[in-house]
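File shown: structure-v4.txt. Contents: compact mmCIF, C-alpha atoms.
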# COMPACT_ATOMS: atom_id res chain seq x y z
CA MET A 1 7.00 1.20 -27.87
CA ARG A 2 4.36 3.26 -26.07
CA ILE A 3 5.97 4.49 -22.86
CA THR A 4 4.21 6.29 -20.02
CA ILE A 5 6.44 7.96 -17.45
CA LEU A 6 4.91 8.93 -14.12
CA ASN A 7 7.08 11.59 -12.56
CA GLY A 8 6.70 11.39 -8.79
CA ASN A 9 9.09 14.24 -8.01
CA PRO A 10 7.09 16.32 -5.52
CA ASP A 11 9.34 19.38 -5.60
CA ALA A 12 9.38 21.65 -8.64
CA ILE A 13 12.44 23.21 -7.05
CA HIS A 14 14.30 19.90 -7.33
CA VAL A 15 15.21 20.51 -10.98
CA ALA A 16 17.98 17.88 -11.29
CA PHE A 17 15.46 15.05 -11.25
CA ASP A 18 13.16 16.68 -13.80
CA ASP A 19 16.15 17.53 -15.99
CA TYR A 20 17.19 13.88 -15.97
CA LEU A 21 13.69 12.89 -17.09
CA GLY A 22 13.77 15.61 -19.73
CA ARG A 23 16.96 14.13 -21.21
CA LEU A 24 15.47 10.64 -21.00
CA VAL A 25 12.32 11.67 -22.87
CA GLU A 26 14.45 13.42 -25.49
CA GLY A 27 16.58 10.30 -25.95
CA LEU A 28 13.56 8.02 -26.21
CA ALA A 29 11.49 10.25 -28.49
CA PRO A 30 12.91 9.24 -31.88
CA ALA A 31 12.15 5.54 -31.44
CA HIS A 32 9.26 5.55 -29.00
CA GLN A 33 5.94 7.19 -28.29
CA VAL A 34 6.44 8.80 -24.87
CA THR A 35 3.85 10.27 -22.52
CA ARG A 36 5.23 12.01 -19.45
CA LEU A 37 2.94 12.96 -16.58
CA ASP A 38 4.36 15.24 -13.90
CA LEU A 39 2.15 14.11 -11.06
CA ARG A 40 2.51 17.29 -9.04
CA GLU A 41 0.64 19.05 -11.87
CA VAL A 42 -2.10 16.40 -12.01
CA LYS A 43 -5.10 16.75 -9.73
CA VAL A 44 -5.37 13.42 -7.97
CA ALA A 45 -7.22 13.02 -4.66
CA TYR A 46 -6.13 10.39 -2.17
CA CYS A 47 -7.92 7.05 -2.47
CA THR A 48 -10.55 6.91 0.28
CA GLY A 49 -11.04 3.14 0.13
CA CYS A 50 -14.69 3.50 -0.94
CA TRP A 51 -14.32 0.70 -3.54
CA GLY A 52 -16.59 2.68 -5.84
CA CYS A 53 -14.24 1.77 -8.71
CA TRP A 54 -15.05 -1.89 -8.06
CA VAL A 55 -18.71 -1.88 -7.03
CA LYS A 56 -20.36 1.38 -8.15
CA THR A 57 -18.71 2.60 -11.35
CA PRO A 58 -16.70 -0.49 -12.34
CA GLY A 59 -13.28 0.39 -13.73
CA GLU A 60 -13.48 4.08 -12.86
CA CYS A 61 -12.80 6.02 -9.68
CA ALA A 62 -16.04 7.34 -8.23
CA THR A 63 -14.24 10.58 -7.34
CA ARG A 64 -14.00 12.69 -10.46
CA ASP A 65 -10.39 13.76 -10.49
CA ASP A 66 -7.55 13.49 -13.00
CA SER A 67 -6.63 9.95 -11.90
CA ALA A 68 -8.63 8.80 -14.94
CA ASP A 69 -5.92 10.37 -17.14
CA VAL A 70 -3.23 8.52 -15.19
CA CYS A 71 -5.09 5.20 -15.52
CA ARG A 72 -5.71 5.71 -19.24
CA ALA A 73 -2.07 6.60 -19.89
CA ALA A 74 -0.92 3.59 -17.85
CA ILE A 75 -3.13 0.88 -19.30
CA ASN A 76 -2.53 1.95 -22.90
CA ALA A 77 1.25 1.85 -22.56
CA ASP A 78 3.63 -1.03 -23.24
CA LEU A 79 5.93 0.23 -20.50
CA LEU A 80 4.99 2.14 -17.38
CA LEU A 81 8.06 3.82 -15.94
CA LEU A 82 7.61 4.88 -12.34
CA ALA A 83 10.07 7.67 -11.58
CA SER A 84 10.66 9.09 -8.13
CA PRO A 85 13.27 10.41 -5.78
CA LEU A 86 13.43 8.18 -2.70
CA ARG A 87 11.78 9.89 0.25
CA MET A 88 12.17 8.23 3.65
CA GLY A 89 13.41 5.16 1.82
CA PHE A 90 10.49 4.69 -0.57
CA ILE A 91 8.79 6.25 -3.61
CA SER A 92 7.28 9.65 -2.88
CA ALA A 93 3.81 10.00 -1.37
CA LEU A 94 2.91 11.80 -4.59
CA LEU A 95 3.63 8.69 -6.67
CA LYS A 96 2.13 6.32 -4.09
CA LYS A 97 -1.08 8.33 -4.15
CA SER A 98 -1.34 7.73 -7.90
CA LEU A 99 -0.56 4.01 -7.58
CA ASP A 100 -3.39 3.68 -5.05
CA LYS A 101 -5.70 5.16 -7.68
CA MET A 102 -4.77 2.52 -10.25
CA ILE A 103 -6.80 -0.26 -8.65
CA PRO A 104 -9.70 0.39 -11.07
CA LEU A 105 -7.40 -1.26 -13.64
CA VAL A 106 -7.97 -4.62 -11.98
CA HIS A 107 -11.13 -6.40 -10.96
CA PRO A 108 -12.26 -6.99 -7.36
CA TYR A 109 -12.65 -10.73 -7.96
CA ILE A 110 -9.85 -12.86 -6.58
CA VAL A 111 -8.06 -15.54 -8.59
CA ALA A 112 -5.18 -17.88 -7.81
CA ASP A 113 -1.96 -16.67 -9.39
CA GLN A 114 1.43 -18.25 -8.69
CA GLY A 115 -0.06 -20.00 -5.68
CA GLU A 116 -1.37 -16.79 -4.14
CA ALA A 117 -4.64 -14.91 -4.11
CA HIS A 118 -4.56 -11.94 -6.48
CA HIS A 119 -7.07 -9.74 -8.21
CA ARG A 120 -8.51 -10.78 -11.53
CA ALA A 121 -7.42 -8.87 -14.64
CA ARG A 122 -9.85 -6.30 -16.03
CA TYR A 123 -7.98 -5.69 -19.28
CA ASP A 124 -6.48 -8.10 -21.82
CA ALA A 125 -3.02 -6.58 -21.64
CA TYR A 126 -1.04 -4.70 -19.02
CA PRO A 127 2.12 -2.63 -19.36
CA LEU A 128 5.48 -3.85 -18.16
CA LEU A 129 6.59 -1.83 -15.15
CA ALA A 130 10.00 -0.33 -14.48
CA LEU A 131 11.45 1.82 -11.71
CA LEU A 132 13.67 4.86 -11.99
CA LEU A 133 14.81 6.07 -8.57
CA GLU A 134 16.98 8.83 -7.31
CA GLN A 135 18.79 7.38 -4.34
CA GLY A 136 19.83 10.70 -2.85
CA PRO A 137 21.95 11.27 0.26
CA ASP A 138 19.36 9.93 2.74
CA ALA A 139 19.02 6.47 1.25
CA ASP A 140 21.22 3.45 0.65
CA ALA A 141 21.28 0.36 -1.55
CA GLU A 142 19.08 -1.47 0.95
CA ASP A 143 16.34 1.16 0.52
CA VAL A 144 16.51 0.71 -3.25
CA ALA A 145 16.22 -3.08 -2.86
CA ILE A 146 13.28 -2.79 -0.43
CA THR A 147 11.47 -0.40 -2.78
CA ALA A 148 12.10 -2.61 -5.81
CA ASP A 149 10.85 -5.63 -3.90
CA ILE A 150 7.58 -3.92 -2.97
CA LEU A 151 7.08 -2.59 -6.50
CA SER A 152 7.68 -6.04 -7.96
CA ARG A 153 4.75 -7.19 -5.84
CA THR A 154 2.67 -4.27 -7.07
CA SER A 155 3.58 -5.26 -10.63
CA LEU A 156 2.31 -8.76 -9.97
CA ASN A 157 -0.99 -7.32 -8.74
CA LEU A 158 -1.14 -5.22 -11.89
CA LYS A 159 -0.95 -8.50 -13.83
CA SER A 160 2.56 -7.70 -14.94
CA GLN A 161 6.16 -7.72 -13.80
CA LEU A 162 8.88 -5.28 -12.84
CA ALA A 163 11.24 -5.28 -15.83
CA PHE A 164 14.09 -3.31 -14.26
CA THR A 165 15.15 -0.83 -11.59
CA ARG A 166 17.65 1.92 -12.41
CA LEU A 167 19.07 4.83 -10.46
CA THR A 168 19.48 8.36 -11.74
CA ASP A 169 23.19 7.95 -10.90
CA ALA A 170 23.40 6.01 -14.16
CA PRO A 171 23.84 7.85 -17.44
CA VAL A 172 20.57 8.46 -19.30
CA ALA A 173 21.89 6.31 -22.14
CA GLU A 174 21.93 3.31 -19.82
CA VAL A 175 18.22 3.68 -19.03
CA ILE A 176 17.46 4.07 -22.73
CA HIS A 177 19.45 0.93 -23.40
CA ALA A 178 17.52 -0.95 -20.71
CA ILE A 179 14.27 0.13 -22.37
CA ASP A 180 15.45 -0.69 -25.89
CA SER A 181 16.47 -4.14 -24.66
CA LEU A 182 12.95 -5.04 -23.49
CA MET B 1 2.56 3.64 29.56
CA ARG B 2 0.81 6.06 27.24
CA LEU B 3 0.53 4.72 23.70
CA THR B 4 0.15 7.09 20.77
CA VAL B 5 -1.82 5.36 18.02
CA PHE B 6 -2.00 6.51 14.42
CA ASN B 7 -4.77 5.01 12.30
CA GLY B 8 -3.58 5.18 8.68
CA SER B 9 -6.82 3.97 7.14
CA PRO B 10 -8.23 6.20 4.39
CA ARG B 11 -11.64 5.16 5.75
CA GLY B 12 -10.72 6.59 9.14
CA LYS B 13 -13.04 5.64 11.98
CA ARG B 14 -15.28 3.62 9.67
CA GLY B 15 -12.67 1.13 8.52
CA ASN B 16 -11.39 -2.28 9.54
CA THR B 17 -8.11 -0.90 10.87
CA GLU B 18 -10.02 1.07 13.52
CA ILE B 19 -11.70 -2.10 14.74
CA LEU B 20 -8.44 -4.06 14.91
CA LEU B 21 -6.59 -1.24 16.67
CA ALA B 22 -9.42 -0.96 19.22
CA GLN B 23 -9.01 -4.65 20.09
CA PHE B 24 -5.27 -4.20 20.60
CA ILE B 25 -5.84 -1.09 22.72
CA GLN B 26 -8.46 -2.84 24.84
CA GLY B 27 -5.95 -5.56 25.73
CA PHE B 28 -3.20 -3.00 26.30
CA GLU B 29 -5.32 -1.01 28.75
CA SER B 30 -6.64 -4.07 30.59
CA VAL B 31 -3.38 -4.85 32.39
CA PRO B 32 -4.16 -4.38 36.09
CA GLY B 33 -2.12 -1.73 37.87
CA ALA B 34 -0.14 -0.74 34.77
CA GLY B 35 -2.00 2.54 34.29
CA ASN B 36 -1.86 2.18 30.52
CA SER B 37 -3.68 4.71 28.36
CA HIS B 38 -3.72 5.83 24.72
CA GLU B 39 -4.38 8.69 22.35
CA LEU B 40 -5.59 8.06 18.79
CA PHE B 41 -5.04 10.12 15.64
CA HIS B 42 -6.52 9.56 12.18
CA LEU B 43 -4.17 10.10 9.26
CA ASN B 44 -7.00 10.65 6.79
CA ARG B 45 -6.98 14.16 8.28
CA VAL B 46 -4.06 14.98 6.00
CA LYS B 47 -4.01 18.64 6.97
CA ALA B 48 -3.23 17.67 10.55
CA HIS B 49 -0.14 15.63 9.63
CA HIS B 50 2.27 18.32 10.74
CA ALA B 51 0.72 18.46 14.20
CA TYR B 52 0.60 14.65 14.31
CA ALA B 53 4.34 14.50 13.59
CA GLN B 54 4.79 16.62 16.71
CA ALA B 55 2.69 14.12 18.68
CA PHE B 56 4.93 11.36 17.33
CA ALA B 57 8.05 13.16 18.54
CA GLU B 58 6.61 13.61 22.03
CA ALA B 59 5.16 10.10 22.35
CA GLU B 60 6.18 7.49 24.88
CA ALA B 61 5.46 4.66 22.42
CA VAL B 62 3.82 4.60 18.98
CA LEU B 63 1.62 2.16 17.08
CA LEU B 64 0.95 2.91 13.41
CA GLY B 65 -1.76 0.81 11.76
CA PHE B 66 -2.91 0.78 8.15
CA PRO B 67 -4.53 -1.35 5.46
CA LEU B 68 -2.32 -2.70 2.68
CA TYR B 69 -2.75 -0.53 -0.44
CA THR B 70 -1.03 -1.74 -3.61
CA ASP B 71 1.35 -3.85 -1.54
CA ALA B 72 2.48 -1.01 0.70
CA MET B 73 1.18 1.80 2.90
CA PRO B 74 -1.68 4.00 1.61
CA GLY B 75 -0.67 7.37 0.12
CA ILE B 76 -1.83 9.25 3.22
CA VAL B 77 0.46 7.14 5.39
CA LYS B 78 3.44 7.76 3.12
CA ALA B 79 2.69 11.48 3.32
CA PHE B 80 2.72 11.24 7.12
CA ILE B 81 6.00 9.29 7.08
CA GLU B 82 7.52 12.11 5.01
CA GLU B 83 6.42 14.55 7.74
CA LEU B 84 8.60 12.56 10.13
CA ALA B 85 11.78 13.30 8.13
CA PRO B 86 13.01 15.96 10.59
CA TYR B 87 13.08 13.32 13.34
CA CYS B 88 15.32 10.82 11.54
CA GLY B 89 18.01 9.52 13.87
CA ARG B 90 16.92 11.76 16.75
CA ALA B 91 17.95 10.48 20.19
CA GLY B 92 15.00 9.59 22.40
CA ASN B 93 12.52 8.73 19.64
CA PRO B 94 9.71 6.47 20.88
CA PRO B 95 9.55 2.68 20.45
CA LEU B 96 7.60 2.07 17.24
CA GLY B 97 5.32 -0.79 16.25
CA PHE B 98 3.02 -1.38 13.31
CA LEU B 99 -0.20 -3.14 12.35
CA VAL B 100 -0.74 -4.05 8.70
CA GLN B 101 -4.04 -5.62 7.70
CA SER B 102 -5.10 -6.64 4.23
CA GLY B 103 -7.98 -8.10 2.29
CA PHE B 104 -5.87 -10.88 0.81
CA PRO B 105 -6.23 -14.05 2.85
CA GLU B 106 -2.49 -14.71 3.25
CA ALA B 107 -0.03 -12.73 5.38
CA ALA B 108 2.66 -13.14 2.69
CA HIS B 109 1.33 -10.09 0.79
CA SER B 110 2.23 -7.81 3.71
CA ARG B 111 5.77 -9.08 4.30
CA PRO B 112 7.59 -6.84 1.79
CA VAL B 113 6.19 -3.68 3.42
CA GLU B 114 7.03 -5.12 6.83
CA VAL B 115 10.70 -5.08 5.76
CA TYR B 116 10.27 -1.40 4.86
CA LEU B 117 8.69 -0.64 8.25
CA GLU B 118 11.51 -2.27 10.17
CA LYS B 119 13.99 -0.15 8.20
CA LEU B 120 11.84 2.91 8.86
CA ALA B 121 12.15 2.35 12.60
CA ARG B 122 15.93 2.16 12.18
CA ARG B 123 15.91 5.32 10.06
CA LEU B 124 14.05 7.14 12.83
CA ALA B 125 16.28 5.54 15.50
CA CYS B 126 13.12 4.19 17.12
CA PRO B 127 13.37 0.87 18.99
CA TYR B 128 11.38 -1.49 16.72
CA LEU B 129 8.54 -3.30 18.48
CA GLY B 130 7.46 -5.44 15.55
CA THR B 131 4.68 -5.56 12.98
CA ILE B 132 1.30 -7.17 13.56
CA VAL B 133 0.28 -8.67 10.21
CA LYS B 134 -3.17 -10.03 9.44
CA GLY B 135 -4.82 -10.88 6.13
CA GLY B 136 -8.45 -11.61 5.32
CA CYS B 137 -9.68 -8.47 7.06
CA GLU B 138 -11.82 -6.79 4.39
CA GLY B 139 -15.05 -8.24 5.82
CA VAL B 140 -14.33 -7.58 9.51
CA ARG B 141 -16.48 -4.45 9.79
CA MET B 142 -19.48 -6.20 8.18
CA MET B 143 -19.31 -9.45 10.06
CA PRO B 144 -21.18 -10.21 13.26
CA ASP B 145 -18.85 -10.04 16.27
CA ARG B 146 -19.06 -13.77 16.91
CA MET B 147 -17.32 -14.42 13.56
CA ASN B 148 -14.50 -12.09 14.58
CA ARG B 149 -14.20 -13.53 18.08
CA LYS B 150 -10.97 -15.46 17.51
CA LEU B 151 -9.30 -12.57 15.71
CA PHE B 152 -10.34 -10.09 18.41
CA ALA B 153 -9.13 -12.38 21.21
CA ALA B 154 -5.74 -12.74 19.52
CA LEU B 155 -5.34 -8.96 19.12
CA ASN B 156 -6.45 -8.48 22.70
CA GLU B 157 -3.77 -10.88 23.84
CA ILE B 158 -1.05 -9.16 21.80
CA GLY B 159 -2.13 -5.82 23.28
CA ARG B 160 -2.24 -7.19 26.81
CA GLU B 161 1.20 -8.76 26.43
CA PHE B 162 2.55 -5.44 25.15
CA GLY B 163 0.86 -3.61 28.03
CA ALA B 164 2.56 -5.90 30.54
CA SER B 165 6.02 -6.35 29.02
CA GLY B 166 6.46 -3.43 26.62
CA ARG B 167 7.11 -5.79 23.72
CA PHE B 168 5.26 -7.59 20.94
CA ASP B 169 5.38 -11.35 21.47
CA PRO B 170 6.78 -12.83 18.22
CA ALA B 171 5.04 -16.17 18.82
CA LEU B 172 1.65 -14.42 19.12
CA LEU B 173 2.32 -12.37 15.98
CA GLN B 174 3.22 -15.49 14.05
CA LYS B 175 0.09 -17.29 15.21
CA LEU B 176 -2.16 -14.37 14.30
CA ALA B 177 -0.66 -14.05 10.82
CA ARG B 178 -1.74 -17.55 9.76
CA PRO B 179 -2.19 -18.51 7.01
CA GLU B 180 1.22 -17.15 6.02
CA ARG B 181 0.63 -18.61 2.56
CA TYR B 182 -1.36 -21.49 1.14
CA PRO B 183 0.39 -24.83 1.52
CA ARG B 184 1.30 -26.38 -1.82
CA TRP B 185 -1.27 -29.15 -1.49
CA ALA B 186 -4.09 -26.65 -0.97
CA ILE B 187 -3.39 -24.53 -4.04
CA PRO B 188 -5.33 -26.64 -6.59
CA LEU B 189 -8.32 -26.69 -4.24
CA MET B 190 -8.08 -22.93 -3.70
CA SER B 191 -7.88 -22.34 -7.46
CA LEU B 192 -10.97 -24.45 -7.95
CA LEU B 193 -12.99 -22.70 -5.24
CA LEU B 194 -11.98 -19.29 -6.55
CA LYS B 195 -12.89 -20.32 -10.11
CA ALA B 196 -16.27 -21.42 -8.81
CA GLY B 197 -16.73 -17.87 -7.55
CA LEU B 198 -16.34 -18.38 -3.82
CA GLY B 199 -14.45 -15.10 -3.49
CA ASN B 200 -16.93 -13.20 -5.65
CA ILE B 201 -20.00 -13.34 -3.43
CA TYR B 202 -18.91 -10.39 -1.30
CA TRP B 203 -18.36 -8.20 -4.37
CA ASP B 204 -21.37 -9.42 -6.35
CA GLN B 205 -23.67 -8.50 -3.51
CA GLN B 206 -22.39 -4.92 -3.51
CA LEU B 207 -22.36 -4.68 -7.31
CA LYS B 208 -26.02 -5.76 -7.38
CA GLU B 209 -27.02 -3.34 -4.62
CA ASN B 210 -25.52 -0.53 -6.70
CA GLY B 211 -27.10 -1.70 -9.94
CA ALA B 212 -23.61 -2.10 -11.39
CA TYR B 213 -23.46 -5.88 -11.72
CA GLY B 214 -24.00 -5.82 -15.48
CA GLN B 215 -21.06 -3.44 -15.93
CA ARG B 216 -18.70 -5.30 -13.63
CA PHE B 217 -16.29 -6.20 -16.44
CA ALA B 218 -16.26 -2.67 -17.91
CA ARG B 219 -13.04 -1.47 -19.54
CA PRO B 220 -13.52 2.28 -19.68
CA TYR B 221 -9.93 3.03 -20.74
CA SER B 222 -9.59 0.52 -23.56
CA GLY B 223 -7.99 1.81 -26.77
Produce structure tokens that represent the structure in this file.
Amino acid sequence: MRITILNGNPDAIHVAFDDYLGRLVEGLAPAHQVTRLDLREVKVAYCTGCWGCWVKTPGECATRDDSADVCRAAINADLLLLASPLRMGFISALLKKSLDKMIPLVHPYIVADQGEAHHRARYDAYPLLALLLEQGPDADAEDVAITADILSRTSLNLKSQLAFTRLTDAPVAEVIHAIDSL
Amino acid sequence: MRLTVFNGSPRGKRGNTEILLAQFIQGFESVPGAGNSHELFHLNRVKAHHAYAQAFAEAEAVLLGFPLYTDAMPGIVKAFIEELAPYCGRAGNPPLGFLVQSGFPEAAHSRPVEVYLEKLARRLACPYLGTIVKGGCEGVRMMPDRMNRKLFAALNEIGREFGASGRFDPALLQKLARPERYPRWAIPLMSLLLKAGLGNIYWDQQLKENGAYGQRFARPYSG
């Protein structure tokens, strides 16, 4: 499977999270083709809501930053694993910033999907999404559920679904098993 | 009461959120004898977030408005929320309300983030005022005022009610949010209209103006 991992850990100093991802990538590597993007090293500007990606340069952000690399890695994967420590009860601003910049992957046109208005697909196939969260001391199970609920909606708008949510409390092997079971 | 308003639109003063907030504020300040006033900060000035967090801590009451971005708050708003971390659970934090507007016609798209916002208020130990949710707002800034009249009047009323009582009226919020979702009977009709391209006109016009209509189905990252 082609797996793209977006690492939304904003703090290089927070090594436990990155170490966990390191062990995950190592465990996945023999059987899968893994791309890991540490978002704090990727130059992505905040979305300005210009809609250039929909009406000026269709499918591409009009701001020339490295979000194109993120989009390319995401759309060409079978699984997009969003990894982030919870910050104030949600994925980090660093990861959210990159999600905002993935709207060029869909089309501005609106279609009816599951009885709701959603954007039309731009590509033939979209990756499954999955969430890997570090709950941390400031968050509880409710925060995890709220975050998963929002990201399942985001998955729907990315013409896909949220396959699973796991916490970094779980052994790495459990996440690998969840991925192998897809 | 002095209301501290944060506009979380990446478009700042030029966006739809600004227009909707202004309608709320107008109602809020129109209450006779209440002496209501406001201050307004724009979160697209990311470098000012630290100072804005200070303004939050000192506020009497706070309204945070933003457009729905990938089913949640825009990245700049999440960055601002992270700046508020030092004030979690602090005694005396201001009452906190929200406005979430989206381009999707139904309010249902904004409900999951509303749950997050209510929890956020709890996390900050802010009394939760409520969340004003409205869909179908992408065209507001381009439409003539007469087409926005009903929407503006409703926001005015919610602001006025808040200015008088210090609370968001749940009945008014519910009325404004309509349609919450499409009724089952309307879905086939909606599908048909959308298939016929009813929702495309707005985008096609802009695509044509930019000479990008022919490339509208481009897949630059294929393969």
Looking at all atoms listed in the file, which of B:Ser222, B:Ser165, B:Gln174, B:Asn93 is the one that sits closest to B:Arg122? B:Asn93
Test item: residues at most 12 Å from stretch 133-138 of chain A, only C-alpha atoms, excluding those fewer than 3 positions along its chain, as a PyMOL selection string: (chain A and resi 6-9+14+16-18+20-21+81-92+95+130+141-145+147-148+151+164-170+175) or (chain B and resi 85-86+88-89+120+123-124)
Where does chain A meet chain B within 8 Å, residue by residue, with the nearest atom pair and distance in Å to one decimal for each, counting all atoms listed in the file, listed by chain and rising number, as a tab-separated table?
residue	atom	partner	partner_atom	distance
A:Tyr46	CA	B:Gly75	CA	6.6
A:Cys47	CA	B:Pro10	CA	6.9
A:Thr48	CA	B:Pro10	CA	4.8
A:Gly49	CA	B:Pro10	CA	6.0
A:Cys50	CA	B:Arg11	CA	7.5
A:Trp54	CA	B:Arg216	CA	7.5
A:Val55	CA	B:Leu207	CA	4.6
A:Lys56	CA	B:Asn210	CA	5.7
A:Thr57	CA	B:Ala212	CA	6.8
A:Pro58	CA	B:Arg216	CA	5.4
A:Gly59	CA	B:Ala218	CA	6.0
A:Glu60	CA	B:Pro220	CA	7.1
A:Cys71	CA	B:Tyr221	CA	7.4
A:Arg72	CA	B:Tyr221	CA	5.2
A:Ile75	CA	B:Tyr221	CA	7.3
A:Asn76	CA	B:Gly223	CA	6.7
A:Arg87	CA	B:Glu82	CA	6.8
A:Met88	CA	B:Glu82	CA	6.2
A:Gly89	CA	B:Leu120	CA	7.6
A:Ser92	CA	B:Lys78	CA	7.4
A:Ala93	CA	B:Lys78	CA	5.0
A:Leu94	CA	B:Gly75	CA	7.4
A:Lys96	CA	B:Gly75	CA	5.2
A:Lys97	CA	B:Gly75	CA	4.4
A:Leu99	CA	B:Thr70	CA	7.0
A:Asp100	CA	B:Thr70	CA	6.1
A:Ile103	CA	B:Thr70	CA	7.8
A:His107	CA	B:Phe217	CA	7.5
A:Pro108	CA	B:Trp203	CA	6.9
A:Tyr109	CA	B:Asn200	CA	5.5
A:Ile110	CA	B:Gly199	CA	6.0
A:Val111	CA	B:Leu194	CA	5.8
A:Ala112	CA	B:Ser191	CA	5.2
A:Gly115	CA	B:Ile187	CA	5.9
A:Glu116	CA	B:Tyr182	CA	7.1
A:Ala117	CA	B:Phe104	CA	6.5
A:His118	CA	B:Phe104	CA	7.5
A:Arg122	CA	B:Phe217	CA	6.5
A:Tyr123	CA	B:Arg219	CA	6.6
A:Asp143	CA	B:Tyr116	CA	7.9
A:Ile146	CA	B:Tyr116	CA	6.2
A:Thr147	CA	B:Tyr116	CA	7.8
A:Asp149	CA	B:Pro112	CA	6.7
A:Ile150	CA	B:Pro112	CA	5.6
A:Leu151	CA	B:Asp71	CA	7.7
A:Arg153	CA	B:Asp71	CA	6.4
A:Thr154	CA	B:Thr70	CA	5.7
A:Asn157	CA	B:Thr70	CA	7.6
List every protein, DNA or RNA residue with an atom no more than 10 Å from (1.8, 2.3, 34.3) in the file's coordinates, counting only C-alpha atoms, and format the result as a list in words.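 Here is the list of nearby residues: Met1, Arg2, Glu29, Val31, Pro32, Gly33, Ala34, Gly35, Asn36, Ser37, Gly163 and Ala164 of chain B.
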For A:Ser160, which of A:Val42, A:Leu129, A:Ala173, A:Ile179 is the closest residue, counting all atoms listed in the file? A:Leu129
Identify, on the basis of only C-alpha atoms, every residue whose closest approach to A:Arg36 does not exceed 7 Å; exclude the query and any residue fewer than 2 positions from it along the same chain; express the result as a PDB file with C-alpha atoms, in the coordinates of the input.
ATOM      1  CA  THR A   4       4.210   6.290 -20.020  1.00  0.00           C
ATOM      2  CA  ILE A   5       6.440   7.960 -17.450  1.00  0.00           C
ATOM      3  CA  LEU A   6       4.910   8.930 -14.120  1.00  0.00           C
ATOM      4  CA  VAL A  34       6.440   8.800 -24.870  1.00  0.00           C
ATOM      5  CA  ASP A  38       4.360  15.240 -13.900  1.00  0.00           C
TER       6      ASP A  38
END
Restore N, CA and C atoms in stretch 178-189 of chain B and list the result as a PDB file, keeping the file's coordinate frame.
ATOM      1  N   ARG B 178      -1.348 -16.376  10.544  1.00  0.00           N
ATOM      2  CA  ARG B 178      -1.740 -17.550   9.760  1.00  0.00           C
ATOM      3  C   ARG B 178      -3.048 -17.334   9.006  1.00  0.00           C
ATOM      4  N   PRO B 179      -3.201 -17.782   7.765  1.00  0.00           N
ATOM      5  CA  PRO B 179      -2.190 -18.510   7.010  1.00  0.00           C
ATOM      6  C   PRO B 179      -1.126 -17.583   6.421  1.00  0.00           C
ATOM      7  N   GLU B 180       0.142 -17.940   6.599  1.00  0.00           N
ATOM      8  CA  GLU B 180       1.220 -17.150   6.020  1.00  0.00           C
ATOM      9  C   GLU B 180       1.123 -17.210   4.493  1.00  0.00           C
ATOM     10  N   ARG B 181       0.968 -18.401   3.965  1.00  0.00           N
ATOM     11  CA  ARG B 181       0.630 -18.610   2.560  1.00  0.00           C
ATOM     12  C   ARG B 181      -0.069 -19.943   2.449  1.00  0.00           C
ATOM     13  N   TYR B 182      -0.690 -20.203   1.304  1.00  0.00           N
ATOM     14  CA  TYR B 182      -1.360 -21.490   1.140  1.00  0.00           C
ATOM     15  C   TYR B 182      -0.333 -22.590   1.000  1.00  0.00           C
ATOM     16  N   PRO B 183      -0.517 -23.698   1.728  1.00  0.00           N
ATOM     17  CA  PRO B 183       0.390 -24.830   1.520  1.00  0.00           C
ATOM     18  C   PRO B 183       0.211 -25.356   0.087  1.00  0.00           C
ATOM     19  N   ARG B 184       1.288 -25.933  -0.427  1.00  0.00           N
ATOM     20  CA  ARG B 184       1.300 -26.380  -1.820  1.00  0.00           C
ATOM     21  C   ARG B 184       0.118 -27.289  -2.149  1.00  0.00           C
ATOM     22  N   TRP B 185      -0.200 -28.190  -1.213  1.00  0.00           N
ATOM     23  CA  TRP B 185      -1.270 -29.150  -1.490  1.00  0.00           C
ATOM     24  C   TRP B 185      -2.641 -28.467  -1.616  1.00  0.00           C
ATOM     25  N   ALA B 186      -2.778 -27.309  -1.002  1.00  0.00           N
ATOM     26  CA  ALA B 186      -4.090 -26.650  -0.970  1.00  0.00           C
ATOM     27  C   ALA B 186      -4.332 -25.760  -2.181  1.00  0.00           C
ATOM     28  N   ILE B 187      -3.274 -25.499  -2.950  1.00  0.00           N
ATOM     29  CA  ILE B 187      -3.390 -24.530  -4.040  1.00  0.00           C
ATOM     30  C   ILE B 187      -4.389 -24.963  -5.128  1.00  0.00           C
ATOM     31  N   PRO B 188      -4.343 -26.236  -5.572  1.00  0.00           N
ATOM     32  CA  PRO B 188      -5.330 -26.640  -6.590  1.00  0.00           C
ATOM     33  C   PRO B 188      -6.768 -26.474  -6.105  1.00  0.00           C
ATOM     34  N   LEU B 189      -6.980 -26.809  -4.828  1.00  0.00           N
ATOM     35  CA  LEU B 189      -8.320 -26.690  -4.240  1.00  0.00           C
ATOM     36  C   LEU B 189      -8.737 -25.216  -4.193  1.00  0.00           C
TER      37      LEU B 189
END
